[in-house]
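Data file: my_file32.cif. Format and content: mmCIF, C-alpha atoms.
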data_query
loop_
_atom_site.label_atom_id
_atom_site.label_comp_id
_atom_site.auth_asym_id
_atom_site.auth_seq_id
_atom_site.Cartn_x
_atom_site.Cartn_y
_atom_site.Cartn_z
CA ILE A 1 0.00 0.00 0.00
CA HIS A 2 1.38 3.39 -0.96
CA SER A 3 0.88 5.19 2.35
CA ARG A 4 -0.82 4.82 5.72
CA PHE A 5 -1.62 6.89 8.76
CA VAL A 6 0.57 6.33 11.82
CA ASP A 7 -2.10 3.99 13.26
CA GLY A 8 -1.95 1.75 10.16
CA ASN A 9 -5.14 2.86 8.42
CA VAL A 10 -4.78 3.42 4.68
CA LEU A 11 -4.13 7.02 3.66
CA GLU A 12 -3.60 6.50 -0.07
CA ASP A 13 -4.35 3.13 -1.62
CA GLY A 14 -2.67 1.47 -4.58
CA PHE A 15 0.18 -1.01 -4.86
CA GLN A 16 3.61 0.40 -5.77
CA LEU A 17 6.13 -2.19 -6.90
CA ASP A 18 9.16 -0.16 -5.90
CA GLU A 19 7.83 0.17 -2.34
CA ALA A 20 7.53 -3.61 -2.11
CA CYS A 21 11.26 -3.75 -2.86
CA GLY A 22 12.21 -1.21 -0.22
CA PRO A 23 12.21 -3.34 2.96
CA LEU A 24 14.00 -6.21 1.20
CA LEU A 25 16.71 -3.93 -0.18
CA ALA A 26 17.10 -2.42 3.29
CA ALA A 27 17.39 -5.84 4.94
CA ALA A 28 20.03 -6.98 2.44
CA ALA A 29 21.98 -3.73 2.82
CA TYR A 30 21.80 -4.02 6.62
CA ALA A 31 23.15 -7.57 6.52
CA ALA A 32 25.95 -6.63 4.12
CA ARG A 33 27.04 -3.68 6.29
CA THR A 34 26.71 -5.21 9.77
CA ARG A 35 26.88 -9.00 9.31
CA ASP A 36 24.13 -9.06 11.95
CA LEU A 37 22.47 -12.22 10.66
CA ALA A 38 21.00 -13.03 14.06
CA PHE A 39 18.67 -10.05 13.72
CA LEU A 40 17.37 -11.34 10.40
CA ARG A 41 17.14 -14.96 11.54
CA GLY A 42 14.88 -13.76 14.31
CA ARG A 43 12.62 -12.12 11.75
CA ARG A 44 12.67 -14.78 9.07
CA ALA A 45 8.88 -15.02 8.97
CA ALA A 46 8.63 -11.33 8.12
CA LEU A 47 11.39 -11.67 5.52
CA ASP A 48 9.62 -14.65 3.95
CA GLY A 49 6.34 -12.74 3.85
CA LEU A 50 7.90 -9.72 2.16
CA GLU A 51 9.63 -11.91 -0.41
CA ASP A 52 6.49 -13.93 -1.14
CA GLY A 53 4.48 -10.73 -1.56
CA LEU A 54 6.98 -9.42 -4.09
CA LEU A 55 7.16 -12.67 -6.06
CA ALA A 56 3.36 -12.76 -6.26
CA ARG A 57 3.51 -9.74 -8.56
CA ARG A 58 5.34 -11.69 -11.28
CA ASP A 59 3.46 -12.15 -14.54
CA ALA A 60 4.59 -15.55 -15.77
CA ALA A 61 3.73 -14.90 -19.42
CA ALA A 62 5.62 -11.60 -19.62
CA GLY A 63 8.35 -12.48 -17.15
CA LEU A 64 7.88 -9.01 -15.65
CA PHE A 65 6.50 -7.76 -12.34
CA SER A 66 3.34 -5.65 -12.33
CA THR A 67 2.38 -2.52 -10.45
CA ILE A 68 -0.73 -0.39 -10.03
CA GLU A 69 0.99 2.94 -9.37
CA ASP A 70 4.22 4.40 -10.68
CA SER A 71 6.89 5.94 -8.47
CA GLN A 72 5.20 9.33 -8.36
CA ASP A 73 2.15 7.76 -6.70
CA GLU A 74 -0.05 7.90 -9.79
CA PHE A 75 -2.16 5.08 -11.20
CA ILE A 76 -0.88 4.03 -14.63
CA ALA A 77 -2.51 2.21 -17.51
CA GLU A 78 0.56 0.08 -18.23
CA PRO A 79 1.21 -2.61 -15.59
CA PHE A 80 4.92 -3.01 -16.31
CA PHE A 81 6.94 -0.05 -15.06
CA THR A 82 10.55 -0.25 -16.27
CA TYR A 83 12.34 1.36 -13.33
CA ALA A 84 10.44 -0.75 -10.81
CA ASN A 85 11.26 -3.96 -12.67
CA VAL A 86 14.94 -3.04 -12.68
CA LEU A 87 14.62 -2.38 -8.96
CA VAL A 88 13.09 -5.85 -8.54
CA TRP A 89 16.03 -7.28 -10.49
CA ARG A 90 18.43 -5.60 -8.07
CA THR A 91 16.34 -6.76 -5.12
CA LEU A 92 16.43 -10.38 -6.27
CA ARG A 93 20.21 -10.26 -6.61
CA ASP A 94 20.69 -8.64 -3.21
CA LEU A 95 18.18 -10.99 -1.63
CA ALA A 96 20.02 -13.97 -3.11
CA GLY A 97 23.17 -12.81 -1.33
CA LEU A 98 21.25 -12.47 1.91
CA ARG A 99 19.71 -15.93 1.60
CA ALA A 100 23.12 -17.41 0.89
CA ALA A 101 24.52 -15.73 4.00
CA LEU A 102 21.65 -17.26 5.99
CA GLY A 103 22.67 -20.69 4.66
CA GLU A 104 19.69 -21.02 2.31
CA ARG A 105 21.70 -21.94 -0.78
CA SER A 106 18.87 -23.48 -2.79
CA ARG A 107 16.67 -20.44 -2.29
CA ALA A 108 19.57 -18.15 -3.15
CA ALA A 109 20.20 -20.02 -6.41
CA SER A 110 16.51 -19.81 -7.32
CA LEU A 111 16.50 -16.03 -6.78
CA ARG A 112 19.60 -15.62 -8.93
CA ARG A 113 18.00 -17.59 -11.78
CA LEU A 114 14.87 -15.48 -11.51
CA ALA A 115 16.96 -12.30 -11.67
CA VAL A 116 18.61 -13.51 -14.89
CA ARG A 117 15.20 -14.20 -16.46
CA LEU A 118 13.85 -10.85 -15.32
CA ARG A 119 16.76 -8.96 -16.84
CA ALA A 120 16.15 -10.68 -20.17
CA ALA A 121 12.43 -9.82 -19.96
CA VAL A 122 13.16 -6.14 -19.27
CA LEU A 123 15.47 -5.93 -22.27
CA ARG A 124 12.91 -7.73 -24.43
CA HIS A 125 9.80 -5.76 -23.45
CA CYS A 126 11.02 -2.41 -22.06
CA VAL A 127 13.37 -1.51 -24.91
CA ALA A 128 11.62 -0.48 -28.11
CA ALA A 129 11.84 1.77 -31.15
CA GLY A 130 11.23 5.29 -29.87
CA PRO A 131 11.81 8.93 -30.79
CA SER A 132 15.60 8.49 -30.53
CA GLY A 133 15.94 4.96 -31.88
CA ARG A 134 15.89 1.89 -29.66
CA MET A 135 15.55 3.20 -26.13
CA PHE A 136 14.07 2.40 -22.75
CA CYS A 137 10.39 3.13 -22.32
CA VAL A 138 9.04 4.25 -18.96
CA ALA A 139 6.28 1.60 -18.96
CA THR A 140 4.57 -0.88 -21.24
CA ASP A 141 1.47 -3.02 -21.56
CA LEU A 142 3.45 -5.28 -23.94
CA LYS A 143 1.65 -3.71 -26.91
CA ARG A 144 2.36 0.02 -26.71
CA PRO A 145 5.51 1.23 -24.93
CA ARG A 146 5.21 4.71 -23.43
CA PHE A 147 8.22 6.99 -23.68
CA ALA A 148 8.61 9.45 -20.81
CA ASP A 149 10.22 9.53 -17.39
CA VAL A 150 9.17 9.66 -13.74
CA PRO A 151 11.74 11.59 -11.65
CA PRO A 152 11.17 9.75 -8.33
CA GLY A 153 11.68 6.47 -10.21
CA SER A 154 13.75 7.60 -13.13
CA LEU A 155 15.31 5.66 -15.97
CA LEU A 156 18.43 7.65 -15.08
CA THR A 157 19.01 5.28 -12.15
CA LEU A 158 19.59 2.19 -14.31
CA PRO A 159 23.41 2.50 -14.30
CA ARG A 160 23.48 3.14 -10.55
CA LEU A 161 21.43 0.01 -9.96
CA GLY A 162 23.97 -1.94 -12.02
CA PHE A 163 21.55 -2.85 -14.80
CA VAL A 164 23.43 -1.15 -17.66
CA ARG A 165 26.62 0.85 -18.10
CA GLU A 166 26.33 4.60 -18.44
CA ASP A 167 27.76 4.34 -21.97
CA ASP A 168 25.30 1.65 -23.04
CA PRO A 169 23.92 2.80 -26.44
CA VAL A 170 20.27 2.23 -25.45
CA PHE A 171 20.74 4.23 -22.26
CA VAL A 172 22.61 7.00 -24.10
CA ARG A 173 19.81 7.35 -26.66
CA THR A 174 17.23 7.44 -23.84
CA MET A 175 19.13 10.19 -22.05
CA ARG A 176 19.60 12.17 -25.27
CA TRP A 177 15.85 12.22 -25.93
CA LEU A 178 14.89 13.08 -22.33
CA HIS A 179 17.12 16.16 -22.57
CA SER A 180 15.88 17.19 -26.01
CA THR A 181 13.13 19.55 -27.09
CA GLY A 182 11.30 16.46 -28.34
CA TYR A 183 10.42 15.56 -24.75
CA PRO A 184 7.72 17.97 -23.54
CA TYR A 185 9.04 18.06 -19.96
CA ALA A 186 12.75 18.27 -20.72
CA ASN A 187 13.12 21.89 -19.56
CA ALA A 188 15.69 22.11 -22.35
CA GLY A 189 17.52 25.42 -22.70
CA THR A 190 16.79 26.67 -19.18
CA PRO A 191 19.63 27.38 -16.74
CA TYR A 192 18.29 25.07 -14.03
CA GLY A 193 16.48 22.63 -16.29
CA LEU A 194 16.50 18.85 -15.96
CA PRO A 195 13.88 16.39 -17.27
CA GLY A 196 10.60 16.23 -15.36
CA SER A 197 7.23 14.57 -15.90
CA TYR A 198 3.60 15.46 -16.49
CA ARG A 199 3.07 15.55 -12.71
CA LEU A 200 6.39 17.16 -11.77
CA ALA A 201 7.14 19.29 -14.79
CA SER A 202 9.85 21.36 -13.09
CA THR A 203 13.38 20.31 -12.18
CA THR A 204 13.10 17.98 -9.20
CA CYS A 205 15.48 17.11 -6.40
CA TRP A 206 15.28 13.49 -7.56
CA SER A 207 16.57 14.45 -10.99
CA VAL A 208 19.38 16.57 -9.56
CA ALA A 209 20.52 13.66 -7.38
CA ASP A 210 20.32 11.12 -10.22
CA HIS A 211 22.22 13.37 -12.64
CA LEU A 212 24.87 13.90 -9.97
CA ARG A 213 25.55 10.15 -10.03
CA LEU A 214 26.12 10.15 -13.81
CA LYS A 215 29.63 11.15 -14.89
CA ALA A 216 28.43 12.73 -18.12
CA HIS A 217 25.97 15.01 -16.29
CA ARG A 218 27.69 15.53 -12.93
CA ASP A 219 29.02 19.02 -13.59
CA ARG A 220 25.63 20.36 -14.63
CA ALA A 221 23.88 18.74 -11.67
CA ARG A 222 26.49 20.19 -9.30
CA THR A 223 25.98 23.66 -10.77
CA ILE A 224 22.21 23.39 -10.26
CA LEU A 225 22.61 21.97 -6.76
CA LEU A 226 24.89 24.81 -5.65
CA GLY A 227 23.10 27.54 -7.59
CA SER A 228 19.55 26.92 -6.45
CA SER A 229 18.13 28.53 -3.33
CA TRP A 230 15.87 25.50 -2.84
CA ASN A 231 13.62 26.40 0.10
CA ALA A 232 15.74 28.88 2.06
CA GLY A 233 18.56 26.35 1.89
CA ILE A 234 16.44 23.28 2.70
CA VAL A 235 15.90 20.82 -0.13
CA SER A 236 12.42 20.95 -1.63
CA GLU A 237 10.85 18.60 -4.15
CA GLY A 238 11.15 20.97 -7.09
CA ILE A 239 12.80 24.16 -8.32
CA ASP A 240 11.90 26.58 -11.09
CA PRO A 241 14.04 25.58 -14.10
CA ARG A 242 14.36 29.26 -15.10
CA THR A 243 15.23 30.85 -11.76
CA GLY A 244 16.39 28.04 -9.50
CA GLU A 245 13.91 29.10 -6.82
CA GLY A 246 12.30 26.34 -4.78
CA PHE A 247 8.55 25.82 -4.89
CA ALA A 248 6.44 26.14 -1.76
CA ALA A 249 4.69 22.86 -2.57
CA GLY A 250 6.89 19.98 -1.46
CA GLY A 251 9.04 22.32 0.62
CA ALA A 252 11.25 21.14 3.50
CA PHE A 253 10.82 17.60 2.16
CA ALA A 254 12.68 15.24 4.50
CA ALA A 255 12.74 12.17 2.23
CA ALA A 256 13.88 14.32 -0.68
CA ALA A 257 16.65 15.90 1.39
CA GLY A 258 17.82 12.44 2.45
CA TYR A 259 17.92 11.26 -1.15
CA VAL A 260 19.94 14.28 -2.28
CA ALA A 261 22.27 14.07 0.72
CA HIS A 262 22.91 10.39 0.03
CA ALA A 263 23.78 11.15 -3.60
CA VAL A 264 26.15 13.94 -2.54
CA TYR A 265 27.83 11.59 -0.09
CA GLU A 266 28.12 8.80 -2.66
CA VAL A 267 29.80 11.10 -5.17
CA TYR A 268 31.88 13.40 -2.99
CA GLY A 269 31.98 11.98 0.55
CA ARG A 270 33.72 8.66 0.02
CA ARG A 271 37.44 8.10 -0.49
#
Rewrite the coordinates I just gave you, this time as structure tokens.
Amino acid sequence: IHSRFVDGNVLEDGFQLDEACGPLLAAAAYAARTRDLAFLRGRRAALDGLEDGLLARRDAAAGLFSTIEDSQDEFIAEPFFTYANVLVWRTLRDLAGLRAALGERSRAASLRRLAVRLRAAVLRHCVAAGPSGRMFCVATDLKRPRFADVPPGSLLTLPRLGFVREDDPVFVRTMRWLHSTGYPYANAGTPYGLPGSYRLASTTCWSVADHLRLKAHRDRARTILLGSSWNAGIVSEGIDPRTGEGFAAGGAFAAAAGYVAHAVYEVYGRR
């Protein structure tokens, strides 16, 4: 479920595939950092339930995982959201490592095989002839791929997730189109412009962070990051692509600030 009140009642309904990955990615990252397997052994029932819930979203015929909402909390017509399926692929790989560490070798091997099949399915169904040649679509119903982007779950993250290299020709063509005047929400030609979406048409903090992680776009993202006022110095969800001023809506956005801070640390904080 997308979001709930603090007492557990549903605030906004709708299944989001990327949110189903979140706890599993966190558990695998925790185990890799701390080696605290006892914590996870004590919560194996919860881990099993989360994994089973994720695997239940697999469409056997397509080989892809379905969602109801995209990563900007909007219901979408196409059930197969590219970014979220790549995130599932990464989750399966990380989860396989966790299962192996827990001594569950057979389960780990099964997850690895499923990840291999999922990657092949993404490349088969989520890459299609688009405005810039063969490129990644944002989502598909297996008949009509839709070409766009969703900043909170952007196609820009595919190299960071390890799915493709930054210089992969399909990825390069996708990036070229998203930054072109052919994409209605590209914000092309503006001093603080990065690709947005129909819901978040301005430059978003998500896009700044994701561009910062790409070598080819790092300098521009850094210029925008340092040049924008954001929300009196506090990261907000979006900035005006012409002025760099932060919008009142989505201001002082804690999750957004954490995402940007993590990207800054990944790029500049480590040695």
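Atom CA of Ala256 of chain A to atom CA of Asp7 of chain A spans 23.6 Å [interatomic distance, one decimal].
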Residue members of the PyMOL selection byres ((chain A and resi 220) around 12) in the file shown, as a PyMOL selection string: chain A and resi 190-194+207-219+221-227
Can you report as JSON the centre and edge lengths in Å, to one decimal, of an axis-aligned box around the listed atoms of segment 248-257 of chain A padded with 8 Å on each side?
{"center_x": 10.7, "center_y": 19.2, "center_z": 1.0, "size_x": 28.0, "size_y": 30.0, "size_z": 23.1}
Å distance separating atom CA of Gly22 of chain A from atom CA of Asp167 of chain A, one decimal place: 27.3 Å
Selection under test: the PyMOL selection byres ((chain A and resi 31) around 12); residues as a ChimeraX atom specification: /A:24-30,32-41,94-102
For the residues in the current selection, export C-alpha atoms as a PDB file, in the coordinates of the input.
ATOM      1  CA  LEU A  24      14.000  -6.210   1.200  1.00  0.00           C
ATOM      2  CA  LEU A  25      16.710  -3.930  -0.180  1.00  0.00           C
ATOM      3  CA  ALA A  26      17.100  -2.420   3.290  1.00  0.00           C
ATOM      4  CA  ALA A  27      17.390  -5.840   4.940  1.00  0.00           C
ATOM      5  CA  ALA A  28      20.030  -6.980   2.440  1.00  0.00           C
ATOM      6  CA  ALA A  29      21.980  -3.730   2.820  1.00  0.00           C
ATOM      7  CA  TYR A  30      21.800  -4.020   6.620  1.00  0.00           C
ATOM      8  CA  ALA A  32      25.950  -6.630   4.120  1.00  0.00           C
ATOM      9  CA  ARG A  33      27.040  -3.680   6.290  1.00  0.00           C
ATOM     10  CA  THR A  34      26.710  -5.210   9.770  1.00  0.00           C
ATOM     11  CA  ARG A  35      26.880  -9.000   9.310  1.00  0.00           C
ATOM     12  CA  ASP A  36      24.130  -9.060  11.950  1.00  0.00           C
ATOM     13  CA  LEU A  37      22.470 -12.220  10.660  1.00  0.00           C
ATOM     14  CA  ALA A  38      21.000 -13.030  14.060  1.00  0.00           C
ATOM     15  CA  PHE A  39      18.670 -10.050  13.720  1.00  0.00           C
ATOM     16  CA  LEU A  40      17.370 -11.340  10.400  1.00  0.00           C
ATOM     17  CA  ARG A  41      17.140 -14.960  11.540  1.00  0.00           C
ATOM     18  CA  ASP A  94      20.690  -8.640  -3.210  1.00  0.00           C
ATOM     19  CA  LEU A  95      18.180 -10.990  -1.630  1.00  0.00           C
ATOM     20  CA  ALA A  96      20.020 -13.970  -3.110  1.00  0.00           C
ATOM     21  CA  GLY A  97      23.170 -12.810  -1.330  1.00  0.00           C
ATOM     22  CA  LEU A  98      21.250 -12.470   1.910  1.00  0.00           C
ATOM     23  CA  ARG A  99      19.710 -15.930   1.600  1.00  0.00           C
ATOM     24  CA  ALA A 100      23.120 -17.410   0.890  1.00  0.00           C
ATOM     25  CA  ALA A 101      24.520 -15.730   4.000  1.00  0.00           C
ATOM     26  CA  LEU A 102      21.650 -17.260   5.990  1.00  0.00           C
TER      27      LEU A 102
END
Output of the PyMOL selection byres ((chain A and resi 200) around 12), listed as a ChimeraX atom specification: /A:71-74,149-152,184-187,194-199,201-207,237-241,247,249-250
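What separates atom CA of Phe5 of chain A from atom CA of Ala255 of chain A is a distance of 16.6 Å.
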Spatial neighbours of Gly182 of chain A, 12 Å, only C-alpha atoms, chain gap at least 2 places, as a count of residues only: 18
Exercise: Ala121 of chain A partners within 12 Å, only C-alpha atoms, chain neighbours under 2 positions left out, as a PyMOL selection string: chain A and resi 58-65+80+82+85-86+89+114-119+123-127+140+142
With C-alpha atoms retained, could you export that selection as a tab-separated table (two decimals), in the frame of the given file?
chain	number	residue	atom	x	y	z
A	58	ARG	CA	5.34	-11.69	-11.28
A	59	ASP	CA	3.46	-12.15	-14.54
A	60	ALA	CA	4.59	-15.55	-15.77
A	61	ALA	CA	3.73	-14.90	-19.42
A	62	ALA	CA	5.62	-11.60	-19.62
A	63	GLY	CA	8.35	-12.48	-17.15
A	64	LEU	CA	7.88	-9.01	-15.65
A	65	PHE	CA	6.50	-7.76	-12.34
A	80	PHE	CA	4.92	-3.01	-16.31
A	82	THR	CA	10.55	-0.25	-16.27
A	85	ASN	CA	11.26	-3.96	-12.67
A	86	VAL	CA	14.94	-3.04	-12.68
A	89	TRP	CA	16.03	-7.28	-10.49
A	114	LEU	CA	14.87	-15.48	-11.51
A	115	ALA	CA	16.96	-12.30	-11.67
A	116	VAL	CA	18.61	-13.51	-14.89
A	117	ARG	CA	15.20	-14.20	-16.46
A	118	LEU	CA	13.85	-10.85	-15.32
A	119	ARG	CA	16.76	-8.96	-16.84
A	123	LEU	CA	15.47	-5.93	-22.27
A	124	ARG	CA	12.91	-7.73	-24.43
A	125	HIS	CA	9.80	-5.76	-23.45
A	126	CYS	CA	11.02	-2.41	-22.06
A	127	VAL	CA	13.37	-1.51	-24.91
A	140	THR	CA	4.57	-0.88	-21.24
A	142	LEU	CA	3.45	-5.28	-23.94
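Shortest separation to Phe81 of chain A among A:Ser154, A:Thr243, A:Asn9, A:Ser229 occurs at residue A:Ser154, atoms counted being all atoms listed in the file.
Distances from A:His2, A:Arg173, A:Arg90, A:Arg242 to Cys137 of chain A were compared using all atoms listed in the file, and the smallest one belongs to A:Arg173.
Minimum atom-to-atom distances from A:Thr91, A:Ser106, A:Asn231, A:Ser3 to Glu69 of chain A were compared using all atoms listed in the file, and the lowest value belongs to A:Ser3.
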Please rebuild segment 248-259 of chain A with all heavy atoms and give the result as a PDB file, keeping the file's coordinate frame.
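What ended up in out02.pdb:
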ATOM      1  N   ALA A 248       7.007  26.309  -3.105  1.00  0.00           N
ATOM      2  CA  ALA A 248       6.440  26.140  -1.760  1.00  0.00           C
ATOM      3  C   ALA A 248       5.876  24.732  -1.587  1.00  0.00           C
ATOM      4  O   ALA A 248       6.027  24.112  -0.536  1.00  0.00           O
ATOM      5  CB  ALA A 248       5.350  27.182  -1.519  1.00  0.00           C
ATOM      6  N   ALA A 249       5.220  24.227  -2.640  1.00  0.00           N
ATOM      7  CA  ALA A 249       4.690  22.860  -2.570  1.00  0.00           C
ATOM      8  C   ALA A 249       5.850  21.875  -2.530  1.00  0.00           C
ATOM      9  O   ALA A 249       6.793  21.969  -3.316  1.00  0.00           O
ATOM     10  CB  ALA A 249       3.809  22.584  -3.785  1.00  0.00           C
ATOM     11  N   GLY A 250       5.795  20.942  -1.607  1.00  0.00           N
ATOM     12  CA  GLY A 250       6.890  19.980  -1.460  1.00  0.00           C
ATOM     13  C   GLY A 250       8.116  20.584  -0.803  1.00  0.00           C
ATOM     14  O   GLY A 250       9.222  20.078  -0.949  1.00  0.00           O
ATOM     15  N   GLY A 251       7.921  21.673  -0.052  1.00  0.00           N
ATOM     16  CA  GLY A 251       9.040  22.320   0.620  1.00  0.00           C
ATOM     17  C   GLY A 251       9.451  21.585   1.881  1.00  0.00           C
ATOM     18  O   GLY A 251       8.652  20.867   2.475  1.00  0.00           O
ATOM     19  N   ALA A 252      10.710  21.781   2.294  1.00  0.00           N
ATOM     20  CA  ALA A 252      11.250  21.140   3.500  1.00  0.00           C
ATOM     21  C   ALA A 252      10.897  19.649   3.506  1.00  0.00           C
ATOM     22  O   ALA A 252      10.343  19.116   4.455  1.00  0.00           O
ATOM     23  CB  ALA A 252      10.719  21.832   4.750  1.00  0.00           C
ATOM     24  N   PHE A 253      11.231  18.980   2.416  1.00  0.00           N
ATOM     25  CA  PHE A 253      10.820  17.600   2.160  1.00  0.00           C
ATOM     26  C   PHE A 253      11.914  16.661   2.686  1.00  0.00           C
ATOM     27  O   PHE A 253      12.973  16.527   2.094  1.00  0.00           O
ATOM     28  CB  PHE A 253      10.639  17.439   0.639  1.00  0.00           C
ATOM     29  CG  PHE A 253       9.930  16.203   0.202  1.00  0.00           C
ATOM     30  CD1 PHE A 253       9.400  16.125  -1.077  1.00  0.00           C
ATOM     31  CD2 PHE A 253       9.779  15.110   1.033  1.00  0.00           C
ATOM     32  CE1 PHE A 253       8.750  14.985  -1.520  1.00  0.00           C
ATOM     33  CE2 PHE A 253       9.134  13.968   0.614  1.00  0.00           C
ATOM     34  CZ  PHE A 253       8.619  13.913  -0.664  1.00  0.00           C
ATOM     35  N   ALA A 254      11.645  16.015   3.816  1.00  0.00           N
ATOM     36  CA  ALA A 254      12.680  15.240   4.500  1.00  0.00           C
ATOM     37  C   ALA A 254      13.210  14.080   3.652  1.00  0.00           C
ATOM     38  O   ALA A 254      14.423  13.856   3.564  1.00  0.00           O
ATOM     39  CB  ALA A 254      12.156  14.722   5.825  1.00  0.00           C
ATOM     40  N   ALA A 255      12.293  13.314   3.044  1.00  0.00           N
ATOM     41  CA  ALA A 255      12.740  12.170   2.230  1.00  0.00           C
ATOM     42  C   ALA A 255      13.557  12.647   1.039  1.00  0.00           C
ATOM     43  O   ALA A 255      14.558  12.020   0.667  1.00  0.00           O
ATOM     44  CB  ALA A 255      11.521  11.370   1.752  1.00  0.00           C
ATOM     45  N   ALA A 256      13.146  13.764   0.452  1.00  0.00           N
ATOM     46  CA  ALA A 256      13.880  14.320  -0.680  1.00  0.00           C
ATOM     47  C   ALA A 256      15.270  14.767  -0.253  1.00  0.00           C
ATOM     48  O   ALA A 256      16.267  14.518  -0.937  1.00  0.00           O
ATOM     49  CB  ALA A 256      13.105  15.490  -1.276  1.00  0.00           C
ATOM     50  N   ALA A 257      15.359  15.442   0.893  1.00  0.00           N
ATOM     51  CA  ALA A 257      16.650  15.900   1.390  1.00  0.00           C
ATOM     52  C   ALA A 257      17.573  14.717   1.664  1.00  0.00           C
ATOM     53  O   ALA A 257      18.773  14.768   1.385  1.00  0.00           O
ATOM     54  CB  ALA A 257      16.454  16.728   2.664  1.00  0.00           C
ATOM     55  N   GLY A 258      17.011  13.636   2.202  1.00  0.00           N
ATOM     56  CA  GLY A 258      17.820  12.440   2.450  1.00  0.00           C
ATOM     57  C   GLY A 258      18.343  11.836   1.164  1.00  0.00           C
ATOM     58  O   GLY A 258      19.501  11.396   1.098  1.00  0.00           O
ATOM     59  N   TYR A 259      17.511  11.824   0.127  1.00  0.00           N
ATOM     60  CA  TYR A 259      17.920  11.260  -1.150  1.00  0.00           C
ATOM     61  C   TYR A 259      19.053  12.079  -1.772  1.00  0.00           C
ATOM     62  O   TYR A 259      20.047  11.529  -2.262  1.00  0.00           O
ATOM     63  CB  TYR A 259      16.721  11.214  -2.104  1.00  0.00           C
ATOM     64  CG  TYR A 259      16.955  10.414  -3.366  1.00  0.00           C
ATOM     65  CD1 TYR A 259      16.952   9.020  -3.325  1.00  0.00           C
ATOM     66  CD2 TYR A 259      17.159  11.049  -4.585  1.00  0.00           C
ATOM     67  CE1 TYR A 259      17.160   8.283  -4.483  1.00  0.00           C
ATOM     68  CE2 TYR A 259      17.365  10.317  -5.743  1.00  0.00           C
ATOM     69  CZ  TYR A 259      17.361   8.935  -5.686  1.00  0.00           C
ATOM     70  OH  TYR A 259      17.575   8.204  -6.833  1.00  0.00           O
TER      71      TYR A 259
END
